[in-house]
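Dumped data-v4.cif below, it's mmCIF, C-alpha atoms:
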```cif
data_target
#
loop_
_atom_site.label_atom_id
_atom_site.label_comp_id
_atom_site.auth_asym_id
_atom_site.auth_seq_id
_atom_site.Cartn_x
_atom_site.Cartn_y
_atom_site.Cartn_z
CA MET A 75 -21.25 -26.18 -3.76
CA VAL A 76 -19.25 -23.02 -3.12
CA MET A 77 -20.35 -20.08 -5.22
CA THR A 78 -17.24 -18.75 -6.90
CA TYR A 79 -18.70 -16.18 -9.23
CA ILE A 80 -16.12 -13.47 -9.92
CA LYS A 81 -16.87 -10.08 -11.36
CA VAL A 82 -14.89 -6.86 -11.84
CA LEU A 83 -16.68 -3.52 -12.06
CA GLY A 84 -14.17 -1.50 -14.04
CA LEU A 85 -13.36 1.00 -16.73
CA TRP A 86 -11.27 0.02 -19.76
CA ALA A 87 -9.17 3.20 -19.63
CA SER A 88 -8.40 3.11 -15.90
CA PRO A 89 -4.91 2.07 -14.72
CA TYR A 90 -6.54 0.93 -11.47
CA SER A 91 -8.98 -1.38 -13.23
CA PHE A 92 -6.17 -2.64 -15.43
CA ARG A 93 -4.00 -3.80 -12.54
CA VAL A 94 -6.87 -5.75 -10.98
CA GLU A 95 -7.96 -7.43 -14.22
CA LYS A 96 -4.39 -8.23 -15.20
CA ALA A 97 -3.73 -9.73 -11.73
CA LEU A 98 -6.73 -12.04 -12.19
CA LYS A 99 -5.54 -13.03 -15.67
CA MET A 100 -2.05 -13.77 -14.33
CA LYS A 101 -3.60 -16.09 -11.75
CA GLY A 102 -5.62 -17.80 -14.48
CA VAL A 103 -8.91 -16.77 -12.88
CA GLU A 104 -11.96 -16.47 -15.12
CA TYR A 105 -14.11 -13.46 -14.37
CA GLU A 106 -16.81 -11.28 -15.82
CA SER A 107 -15.71 -7.74 -16.68
CA VAL A 108 -18.49 -5.17 -16.26
CA GLU A 109 -17.75 -1.84 -17.93
CA ILE A 110 -18.95 1.13 -15.87
CA ASP A 111 -19.97 4.42 -17.44
CA ILE A 112 -18.41 6.87 -14.96
CA MET A 113 -20.89 9.57 -15.97
CA ASN A 114 -23.79 7.26 -15.19
CA LYS A 115 -22.78 4.86 -12.44
CA THR A 116 -24.83 1.73 -11.91
CA GLN A 117 -26.62 0.87 -8.69
CA GLU A 118 -24.40 -2.20 -8.43
CA LEU A 119 -21.29 0.02 -8.26
CA LEU A 120 -22.84 2.41 -5.73
CA ASP A 121 -23.93 -0.52 -3.55
CA SER A 122 -20.55 -2.28 -3.85
CA ASN A 123 -18.38 0.72 -3.06
CA PRO A 124 -20.58 3.13 -1.12
CA VAL A 125 -17.58 4.90 0.44
CA HIS A 126 -15.73 5.93 -2.72
CA LYS A 127 -18.25 5.11 -5.48
CA LYS A 128 -15.29 4.30 -7.73
CA VAL A 129 -14.00 1.53 -9.95
CA PRO A 130 -12.48 -0.98 -9.68
CA VAL A 131 -14.52 -3.25 -7.44
CA LEU A 132 -13.96 -7.00 -7.26
CA LEU A 133 -17.03 -9.05 -6.44
CA HIS A 134 -16.17 -12.54 -5.25
CA THR A 135 -19.05 -14.83 -4.28
CA GLY A 136 -21.13 -11.68 -3.98
CA LYS A 137 -18.78 -9.90 -1.55
CA PRO A 138 -17.39 -6.56 -2.79
CA ILE A 139 -13.79 -5.40 -2.33
CA ALA A 140 -12.67 -1.89 -3.30
CA GLU A 141 -9.30 -0.10 -3.65
CA SER A 142 -7.00 -1.61 -6.26
CA LEU A 143 -4.04 -2.21 -3.90
CA VAL A 144 -6.33 -3.96 -1.42
CA ILE A 145 -7.86 -6.03 -4.23
CA MET A 146 -4.44 -7.13 -5.50
CA GLU A 147 -3.45 -8.28 -1.99
CA TYR A 148 -6.75 -10.21 -1.82
CA ILE A 149 -6.19 -11.84 -5.21
CA ASP A 150 -2.68 -12.86 -4.19
CA GLN A 151 -3.91 -14.49 -0.98
CA VAL A 152 -6.93 -16.28 -2.46
CA TRP A 153 -5.56 -17.59 -5.75
CA LYS A 154 -2.28 -19.47 -5.81
CA GLY A 155 -0.09 -19.81 -8.88
CA GLU A 156 2.38 -17.07 -9.80
CA PRO A 157 2.72 -14.79 -6.75
CA LEU A 158 2.08 -11.05 -7.19
CA LEU A 159 4.00 -9.96 -4.09
CA PRO A 160 7.51 -11.18 -3.23
CA SER A 161 7.49 -13.85 -0.51
CA ASP A 162 10.47 -12.38 1.36
CA PRO A 163 9.12 -10.01 4.06
CA TYR A 164 11.61 -7.24 3.38
CA GLU A 165 11.09 -7.27 -0.38
CA ARG A 166 7.34 -7.42 0.21
CA ALA A 167 7.57 -4.32 2.43
CA GLN A 168 9.59 -2.55 -0.25
CA ALA A 169 7.04 -3.42 -2.95
CA ARG A 170 4.24 -2.06 -0.75
CA PHE A 171 6.26 1.06 0.09
CA TRP A 172 6.90 1.96 -3.55
CA ALA A 173 3.35 1.12 -4.64
CA LYS A 174 2.05 3.46 -1.92
CA PHE A 175 4.54 6.12 -3.01
CA ILE A 176 3.36 5.91 -6.63
CA ASP A 177 -0.35 5.95 -5.73
CA ASP A 178 -0.37 8.43 -2.84
CA GLN A 179 2.43 10.87 -3.68
CA LEU A 180 3.55 10.73 -7.28
CA THR A 181 0.27 10.16 -9.15
CA PRO A 182 -1.84 12.90 -7.49
CA ALA A 183 1.00 15.40 -8.00
CA ALA A 184 1.54 14.37 -11.62
CA ARG A 185 -2.18 14.50 -12.39
CA THR A 186 -2.55 18.04 -11.02
CA ALA A 187 0.71 19.12 -12.68
CA VAL A 188 -0.57 18.04 -16.08
CA MET A 189 -4.34 18.57 -15.85
CA GLY A 190 -4.48 21.45 -13.34
CA GLU A 191 -4.14 25.19 -13.81
CA GLY A 192 -2.32 28.15 -12.32
CA GLU A 193 -0.58 28.10 -8.95
CA ASP A 194 -1.93 24.63 -8.05
CA ALA A 195 -0.45 23.14 -11.21
CA LYS A 196 2.86 24.90 -10.61
CA LYS A 197 3.20 23.58 -7.06
CA ALA A 198 2.12 20.12 -8.16
CA ARG A 199 4.72 20.12 -10.95
CA GLU A 200 7.50 20.87 -8.47
CA ALA A 201 6.30 18.03 -6.25
CA ALA A 202 5.88 15.63 -9.18
CA GLU A 203 9.39 16.40 -10.46
CA LYS A 204 10.83 15.74 -7.01
CA PHE A 205 8.96 12.44 -6.75
CA LEU A 206 9.93 11.36 -10.28
CA LYS A 207 13.56 12.07 -9.47
CA ILE A 208 13.33 9.95 -6.29
CA LEU A 209 11.80 7.06 -8.24
CA ASP A 210 14.29 7.35 -11.10
CA GLU A 211 17.22 7.29 -8.66
CA GLU A 212 15.81 4.29 -6.82
CA ILE A 213 15.49 2.33 -10.07
CA ARG A 214 18.93 3.46 -11.25
CA GLY A 215 20.37 2.38 -7.88
CA GLY A 216 19.63 -1.20 -8.88
CA ASN A 217 16.71 -2.12 -6.58
CA LYS A 218 15.84 -5.53 -7.99
CA LEU A 219 12.10 -4.95 -7.48
CA PHE A 220 12.27 -2.86 -10.65
CA GLU A 221 14.01 -5.50 -12.74
CA GLY A 222 10.74 -6.22 -14.52
CA LYS A 223 11.66 -9.87 -15.17
CA ALA A 224 8.42 -11.39 -13.92
CA ILE A 225 5.61 -8.89 -13.61
CA GLY A 226 4.12 -8.54 -10.12
CA TYR A 227 2.27 -6.22 -7.73
CA LEU A 228 4.68 -3.26 -8.00
CA ASP A 229 4.98 -3.56 -11.78
CA LEU A 230 1.21 -3.49 -12.20
CA VAL A 231 1.15 -0.32 -10.09
CA GLY A 232 4.09 1.18 -12.00
CA LEU A 233 2.26 1.03 -15.31
CA VAL A 234 0.31 4.13 -14.27
CA VAL A 235 3.63 5.99 -14.45
CA THR A 236 5.17 4.34 -17.49
CA HIS A 237 2.08 3.89 -19.68
CA TRP A 238 -0.59 6.34 -18.48
CA PHE A 239 1.49 9.43 -17.53
CA PRO A 240 2.82 9.83 -21.10
CA VAL A 241 -0.75 9.63 -22.43
CA LEU A 242 -1.97 12.19 -19.89
CA GLN A 243 0.78 14.66 -20.75
CA GLU A 244 0.14 14.19 -24.46
CA ALA A 245 -3.59 14.75 -23.93
CA ALA A 246 -2.95 17.94 -21.95
CA GLY A 247 -0.11 19.14 -24.20
CA LYS A 248 2.26 19.48 -21.21
CA GLU A 249 5.48 17.56 -20.85
CA LEU A 250 6.34 15.94 -17.55
CA VAL A 251 7.94 12.49 -17.84
CA THR A 252 10.52 12.54 -20.58
CA LYS A 253 13.01 9.87 -21.52
CA ASP A 254 15.87 12.37 -21.17
CA ASP A 255 14.99 13.49 -17.66
CA TYR A 256 14.03 10.10 -16.20
CA PRO A 257 15.88 7.44 -18.19
CA ALA A 258 15.57 4.73 -15.52
CA ILE A 259 11.77 5.11 -15.26
CA TRP A 260 11.59 5.01 -19.06
CA ALA A 261 13.72 1.86 -19.22
CA TRP A 262 11.54 0.24 -16.52
CA GLY A 263 8.51 0.94 -18.70
CA GLU A 264 10.20 -0.73 -21.65
CA ARG A 265 11.05 -3.80 -19.54
CA LEU A 266 7.40 -4.01 -18.41
CA LEU A 267 6.16 -3.87 -22.01
CA GLY A 268 8.43 -6.82 -22.72
CA CYS A 269 6.77 -9.02 -20.07
CA PRO A 270 4.38 -11.72 -21.33
CA GLY A 271 0.95 -10.41 -22.29
CA VAL A 272 1.47 -6.86 -21.00
CA LYS A 273 1.64 -5.10 -24.35
CA ASP A 274 -1.34 -7.04 -25.69
CA ASP A 275 -3.52 -6.41 -22.65
CA LEU A 276 -2.75 -2.73 -22.09
CA PRO A 277 -5.25 -0.29 -23.60
CA PRO A 278 -3.38 1.19 -26.58
CA TRP A 279 -2.32 4.83 -26.79
CA ASP A 280 -4.45 5.58 -29.82
CA LYS A 281 -7.58 4.63 -27.85
CA LEU A 282 -6.46 6.20 -24.53
CA LEU A 283 -5.45 9.54 -26.01
CA PRO A 284 -8.89 10.65 -27.27
CA PHE A 285 -10.43 9.34 -24.04
CA PHE A 286 -8.23 11.57 -21.85
CA GLN A 287 -8.60 14.50 -24.23
CA LEU A 288 -12.35 14.29 -23.61
CA THR A 289 -12.15 13.43 -19.89
CA PRO A 290 -9.95 15.86 -17.98
CA MET B 76 24.44 -16.24 14.00
CA VAL B 77 21.63 -14.15 12.51
CA MET B 78 21.71 -10.52 13.57
CA THR B 79 18.27 -9.70 14.90
CA TYR B 80 18.78 -6.23 16.28
CA ILE B 81 15.49 -4.33 16.22
CA LYS B 82 15.14 -0.59 16.51
CA VAL B 83 12.28 1.88 16.07
CA LEU B 84 12.98 5.50 15.17
CA GLY B 85 9.90 7.19 16.57
CA LEU B 86 8.26 10.04 18.38
CA TRP B 87 6.40 9.44 21.66
CA ALA B 88 3.49 11.69 20.66
CA SER B 89 2.95 10.22 17.19
CA PRO B 90 0.00 7.90 16.56
CA TYR B 91 2.04 6.34 13.74
CA SER B 92 4.97 5.51 16.00
CA PHE B 93 2.55 4.22 18.62
CA ARG B 94 0.98 1.65 16.32
CA VAL B 95 4.35 0.26 15.30
CA GLU B 96 5.74 0.05 18.83
CA LYS B 97 2.51 -1.44 20.18
CA ALA B 98 2.50 -4.05 17.40
CA LEU B 99 6.03 -5.11 18.40
CA LYS B 100 5.00 -5.30 22.06
CA MET B 101 1.96 -7.41 21.17
CA LYS B 102 4.27 -9.83 19.37
CA GLY B 103 6.56 -9.95 22.39
CA VAL B 104 9.47 -8.53 20.39
CA GLU B 105 12.19 -6.68 22.28
CA TYR B 106 13.39 -3.54 20.54
CA GLU B 107 15.23 -0.31 21.11
CA SER B 108 13.09 2.81 20.90
CA VAL B 109 15.00 5.84 19.57
CA GLU B 110 13.23 9.14 20.18
CA ILE B 111 13.58 11.56 17.25
CA ASP B 112 13.51 15.32 17.69
CA ILE B 113 11.42 16.30 14.67
CA MET B 114 12.95 19.79 14.65
CA ASN B 115 16.44 18.34 14.50
CA LYS B 116 16.32 15.02 12.65
CA THR B 117 19.22 12.62 13.02
CA GLN B 118 21.33 11.39 10.13
CA GLU B 119 20.13 7.86 10.93
CA LEU B 120 16.53 8.90 10.24
CA LEU B 121 17.42 10.75 7.03
CA ASP B 122 19.42 7.76 5.81
CA SER B 123 16.70 5.26 6.80
CA ASN B 124 13.78 7.08 5.25
CA PRO B 125 15.27 9.32 2.54
CA VAL B 126 11.96 9.54 0.67
CA HIS B 127 9.72 10.89 3.44
CA LYS B 128 12.25 11.74 6.19
CA LYS B 129 9.55 10.83 8.71
CA VAL B 130 9.05 8.62 11.74
CA PRO B 131 8.36 5.82 12.33
CA VAL B 132 11.07 3.69 10.80
CA LEU B 133 11.64 0.08 11.80
CA LEU B 134 15.23 -1.13 11.50
CA HIS B 135 15.49 -4.91 11.49
CA THR B 136 18.96 -6.40 11.15
CA GLY B 137 20.03 -3.04 9.77
CA LYS B 138 17.39 -2.86 7.04
CA PRO B 139 15.00 0.12 7.25
CA ILE B 140 11.26 -0.05 6.63
CA ALA B 141 9.10 3.08 6.53
CA GLU B 142 5.34 3.82 6.47
CA SER B 143 3.47 2.58 9.53
CA LEU B 144 0.95 0.44 7.61
CA VAL B 145 3.77 -1.23 5.69
CA ILE B 146 5.71 -1.79 8.92
CA MET B 147 2.71 -3.41 10.63
CA GLU B 148 2.29 -5.81 7.69
CA TYR B 149 5.99 -6.64 7.96
CA ILE B 150 5.79 -7.25 11.71
CA ASP B 151 2.79 -9.51 11.23
CA GLN B 152 4.60 -11.59 8.62
CA VAL B 153 7.94 -11.87 10.44
CA TRP B 154 6.87 -12.48 14.03
CA LYS B 155 4.28 -15.11 14.81
CA GLY B 156 2.16 -15.11 17.95
CA GLU B 157 -1.06 -13.10 18.10
CA PRO B 158 -1.91 -12.07 14.52
CA LEU B 159 -2.43 -8.37 13.75
CA LEU B 160 -4.45 -8.90 10.56
CA PRO B 161 -7.38 -11.31 10.27
CA SER B 162 -6.44 -14.57 8.51
CA ASP B 163 -9.65 -14.70 6.43
CA PRO B 164 -8.91 -12.99 3.08
CA TYR B 165 -12.15 -11.01 2.99
CA GLU B 166 -11.82 -9.73 6.56
CA ARG B 167 -8.19 -8.94 5.86
CA ALA B 168 -9.20 -6.89 2.81
CA GLN B 169 -11.79 -5.04 4.91
CA ALA B 170 -9.22 -4.24 7.61
CA ARG B 171 -6.85 -2.86 4.97
CA PHE B 172 -9.66 -0.90 3.30
CA TRP B 173 -10.72 0.85 6.52
CA ALA B 174 -7.13 1.47 7.65
CA LYS B 175 -6.46 3.15 4.29
CA PHE B 176 -9.68 5.14 4.62
CA ILE B 177 -8.65 6.42 8.07
CA ASP B 178 -5.09 7.28 7.02
CA ASP B 179 -5.68 8.64 3.52
CA GLN B 180 -9.11 10.27 3.70
CA LEU B 181 -10.30 10.91 7.23
CA THR B 182 -7.09 11.96 9.01
CA PRO B 183 -5.81 14.54 6.49
CA ALA B 184 -9.28 16.12 6.35
CA ALA B 185 -9.66 16.15 10.14
CA ARG B 186 -6.19 17.62 10.66
CA THR B 187 -6.82 20.49 8.25
CA ALA B 188 -10.33 21.01 9.64
CA VAL B 189 -8.95 21.45 13.16
CA MET B 190 -5.51 22.99 12.61
CA GLY B 191 -6.10 24.83 9.32
CA GLU B 192 -7.56 28.28 8.66
CA GLY B 193 -10.10 29.98 6.42
CA GLU B 194 -11.58 28.37 3.32
CA ASP B 195 -9.23 25.36 3.45
CA ALA B 196 -10.34 24.54 6.99
CA LYS B 197 -14.00 24.97 6.05
CA LYS B 198 -13.77 22.60 3.07
CA ALA B 199 -11.76 20.11 5.11
CA ARG B 200 -14.35 20.21 7.89
CA GLU B 201 -17.13 19.31 5.44
CA ALA B 202 -15.04 16.40 4.14
CA ALA B 203 -14.06 15.24 7.65
CA GLU B 204 -17.70 15.28 8.79
CA LYS B 205 -18.71 13.22 5.78
CA PHE B 206 -15.93 10.69 6.45
CA LEU B 207 -16.69 10.51 10.19
CA LYS B 208 -20.34 9.83 9.37
CA ILE B 209 -19.33 7.02 6.99
CA LEU B 210 -17.12 5.45 9.66
CA ASP B 211 -19.72 5.86 12.40
CA GLU B 212 -22.37 4.19 10.25
CA GLU B 213 -20.06 1.32 9.35
CA ILE B 214 -19.33 0.64 13.03
CA ARG B 215 -23.00 1.01 13.95
CA GLY B 216 -23.90 -1.42 11.18
CA GLY B 217 -22.18 -4.13 13.18
CA ASN B 218 -19.02 -4.82 11.13
CA LYS B 219 -17.25 -7.22 13.47
CA LEU B 220 -13.83 -5.75 12.63
CA PHE B 221 -14.76 -2.92 15.00
CA GLU B 222 -15.74 -5.19 17.88
CA GLY B 223 -12.50 -4.33 19.65
CA LYS B 224 -12.32 -7.70 21.41
CA ALA B 225 -8.72 -8.49 20.54
CA ILE B 226 -6.75 -5.49 19.35
CA GLY B 227 -5.27 -5.79 15.86
CA TYR B 228 -4.08 -3.88 12.80
CA LEU B 229 -7.27 -1.84 12.26
CA ASP B 230 -7.64 -1.05 15.96
CA LEU B 231 -4.08 0.27 16.14
CA VAL B 232 -4.87 2.50 13.16
CA GLY B 233 -8.21 3.56 14.67
CA LEU B 234 -6.58 5.00 17.77
CA VAL B 235 -5.59 8.05 15.74
CA VAL B 236 -9.31 8.81 15.50
CA THR B 237 -10.44 7.78 18.96
CA HIS B 238 -7.45 8.97 21.03
CA TRP B 239 -5.58 11.61 19.02
CA PHE B 240 -8.44 13.49 17.26
CA PRO B 241 -9.99 14.55 20.61
CA VAL B 242 -6.58 15.84 21.78
CA LEU B 243 -6.06 17.74 18.52
CA GLN B 244 -9.45 19.41 18.69
CA GLU B 245 -8.90 20.33 22.35
CA ALA B 246 -5.47 21.77 21.50
CA ALA B 247 -6.95 23.86 18.67
CA GLY B 248 -10.10 24.79 20.58
CA LYS B 249 -12.32 23.50 17.75
CA GLU B 250 -14.81 20.69 18.15
CA LEU B 251 -14.99 17.94 15.53
CA VAL B 252 -15.51 14.45 16.94
CA THR B 253 -18.13 14.56 19.66
CA LYS B 254 -19.75 11.69 21.50
CA ASP B 255 -23.20 13.00 20.54
CA ASP B 256 -22.51 13.20 16.81
CA TYR B 257 -20.52 9.99 16.42
CA PRO B 258 -21.59 7.64 19.21
CA ALA B 259 -20.37 4.47 17.49
CA ILE B 260 -16.84 5.85 16.94
CA TRP B 261 -16.82 6.98 20.56
CA ALA B 262 -17.93 3.55 21.79
CA TRP B 263 -15.25 1.90 19.62
CA GLY B 264 -12.66 4.11 21.33
CA GLU B 265 -13.93 2.97 24.73
CA ARG B 266 -13.73 -0.68 23.70
CA LEU B 267 -10.14 -0.14 22.51
CA LEU B 268 -9.16 1.45 25.82
CA GLY B 269 -10.50 -1.68 27.51
CA CYS B 270 -8.13 -3.97 25.58
CA PRO B 271 -5.12 -5.33 27.51
CA GLY B 272 -2.27 -2.83 27.85
CA VAL B 273 -3.77 -0.16 25.56
CA LYS B 274 -4.63 2.40 28.21
CA ASP B 275 -1.26 1.95 29.95
CA ASP B 276 0.78 2.23 26.76
CA LEU B 277 -1.00 5.16 25.13
CA PRO B 278 0.57 8.56 25.70
CA PRO B 279 -1.80 10.26 28.17
CA TRP B 280 -3.90 13.30 27.32
CA ASP B 281 -2.24 15.53 29.88
CA LYS B 282 1.12 14.99 28.12
CA LEU B 283 -0.23 15.08 24.55
CA LEU B 284 -2.27 18.25 25.00
CA PRO B 285 0.62 20.66 25.69
CA PHE B 286 2.65 18.95 22.93
CA PHE B 287 0.00 19.64 20.29
CA GLN B 288 -0.64 23.13 21.64
CA LEU B 289 3.01 23.87 20.91
CA THR B 290 3.26 21.89 17.65
CA PRO B 291 0.55 22.87 15.20
#
```

Would you mind writing the structure in this file as structure tokens?
Amino acid sequence: MVMTYIKVLGLWASPYSFRVEKALKMKGVEYESVEIDIMNKTQELLDSNPVHKKVPVLLHTGKPIAESLVIMEYIDQVWKGEPLLPSDPYERAQARFWAKFIDDQLTPAARTAVMGEGEDAKKAREAAEKFLKILDEEIRGGNKLFEGKAIGYLDLVGLVVTHWFPVLQEAAGKELVTKDDYPAIWAWGERLLGCPGVKDDLPPWDKLLPFFQLTP
Amino acid sequence: MVMTYIKVLGLWASPYSFRVEKALKMKGVEYESVEIDIMNKTQELLDSNPVHKKVPVLLHTGKPIAESLVIMEYIDQVWKGEPLLPSDPYERAQARFWAKFIDDQLTPAARTAVMGEGEDAKKAREAAEKFLKILDEEIRGGNKLFEGKAIGYLDLVGLVVTHWFPVLQEAAGKELVTKDDYPAIWAWGERLLGCPGVKDDLPPWDKLLPFFQLTP
């Protein structure tokens, strides 16, 4: 018998945990969700992700995998059913490119712009605005990866921008992503909310807001 | 007739260009290598990678792909022959995890540690030493991804550490990666140099050193 026990070490309010858990749900995979207290991390988390000591971690037959983008690739390879990544190599490269852009460039800049202080926050805001403009123009240009018809890898990544950024800015009392300035990003977010199960599974604003007000 | 024209916009001294060009060579793909002057970027580069405006870019049948890790994934999917990534999903996830660690954590810290100044350089050095220790221990622990028997995706990424870091530190006159402190990383580098064609294809130290002395 093959041991197929599947567990996610996560945090309900994390966009990175969300994408992993939602990917498993989309594949119809049953798993145990273990909520981690980030102020008091368990030994299981420290042992499973000794390099970063962060959620999410996927444990599959006892083997740990960290980094949400890496986990989503793993889920897509192991479990068939609805694909997360496009099958066409060029579209797949584009999905990976924009996911990397959102995680490595846009999100760190936006986080510092909203939660940071002084000169750091000012510089980060300039960078974040530049990155948001690039993303907005790409979506407006009609790249079909952002159609949001069937939710996939890039959409799950994009929710950090469309769902979490507005919460973060509300929590910090600083505007960054407005509907007026970035209408295409905003419209993408609305398309994503219209995809099956997304709205119901996403942690709601009224729970996220007090969490981020307490956890800068 | 399908147009299969393949072009790389690159820079001979860049570890990121190297991994892409070497991956194509390993697949037996013929391509045109276009050398970019980073002080005077061509319109073709700016048009192909408008987001980052950086090398390398792979142009395949006119379509541009940027980001070296994304390009290597694309090459591995499109051209068969020797695989770059392991086929086993767990090993594949590990290769992606460590490649991301080297590119996103270790390399930025090491670059600032060696080329930076003052407090920034000091903080970056502490981070780089921590990351190098993590990598050295992982290799020493016997993870077979670092065996360096047949060169693949992670090995091509690793060359930035084993071949370029020593040049950078020599150029800046600051030690960081020494054989004594990180023997397992050093030994990995020696195994990589022993793989077919690696030593011959790598830009040699005596050419790289004056380049990095001039280009901080």

Counting all atoms listed in the file, select every polymer residue within 12 Å of (-20.1, 15.1, 8.0) as defined in the file's coordinates, and provide the selection as a VMD selection string.
chain B and resid 181 184 to 185 188 197 to 212 251 to 253 256 to 257

Contacts of Leu284 of chain B at 9 Å or less, counting all atoms listed in the file, minus same-chain residues fewer than 5 places along, as a PyMOL selection string?
chain B and resi 242-243+245-246+279+289

If you count all atoms listed in the file, the residue of B:Pro271, B:Pro241, B:Gly216, B:Pro139 closest to chain A turns out to be B:Pro139

From the set A:Glu106, A:Glu95, A:Asp229, A:Asp150, which residue has the shortest atom-to-atom contact distance to chain B, counting only C-alpha atoms?
A:Asp150

Run the PyMOL selection byres ((chain A) within 12 of (chain B)) against the file shown and list the residues it catches, as an MDAnalysis selection string.
chainID A and resid 123:126 132:153 161:180 204:209 211:212

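Near (12.1, 6.1, 24.5), the residues inside the 9 Å limit, counting only C-alpha atoms, come to Gly85, Leu86, Trp87, Glu107, Ser108, Val109 and Glu110 of chain B.
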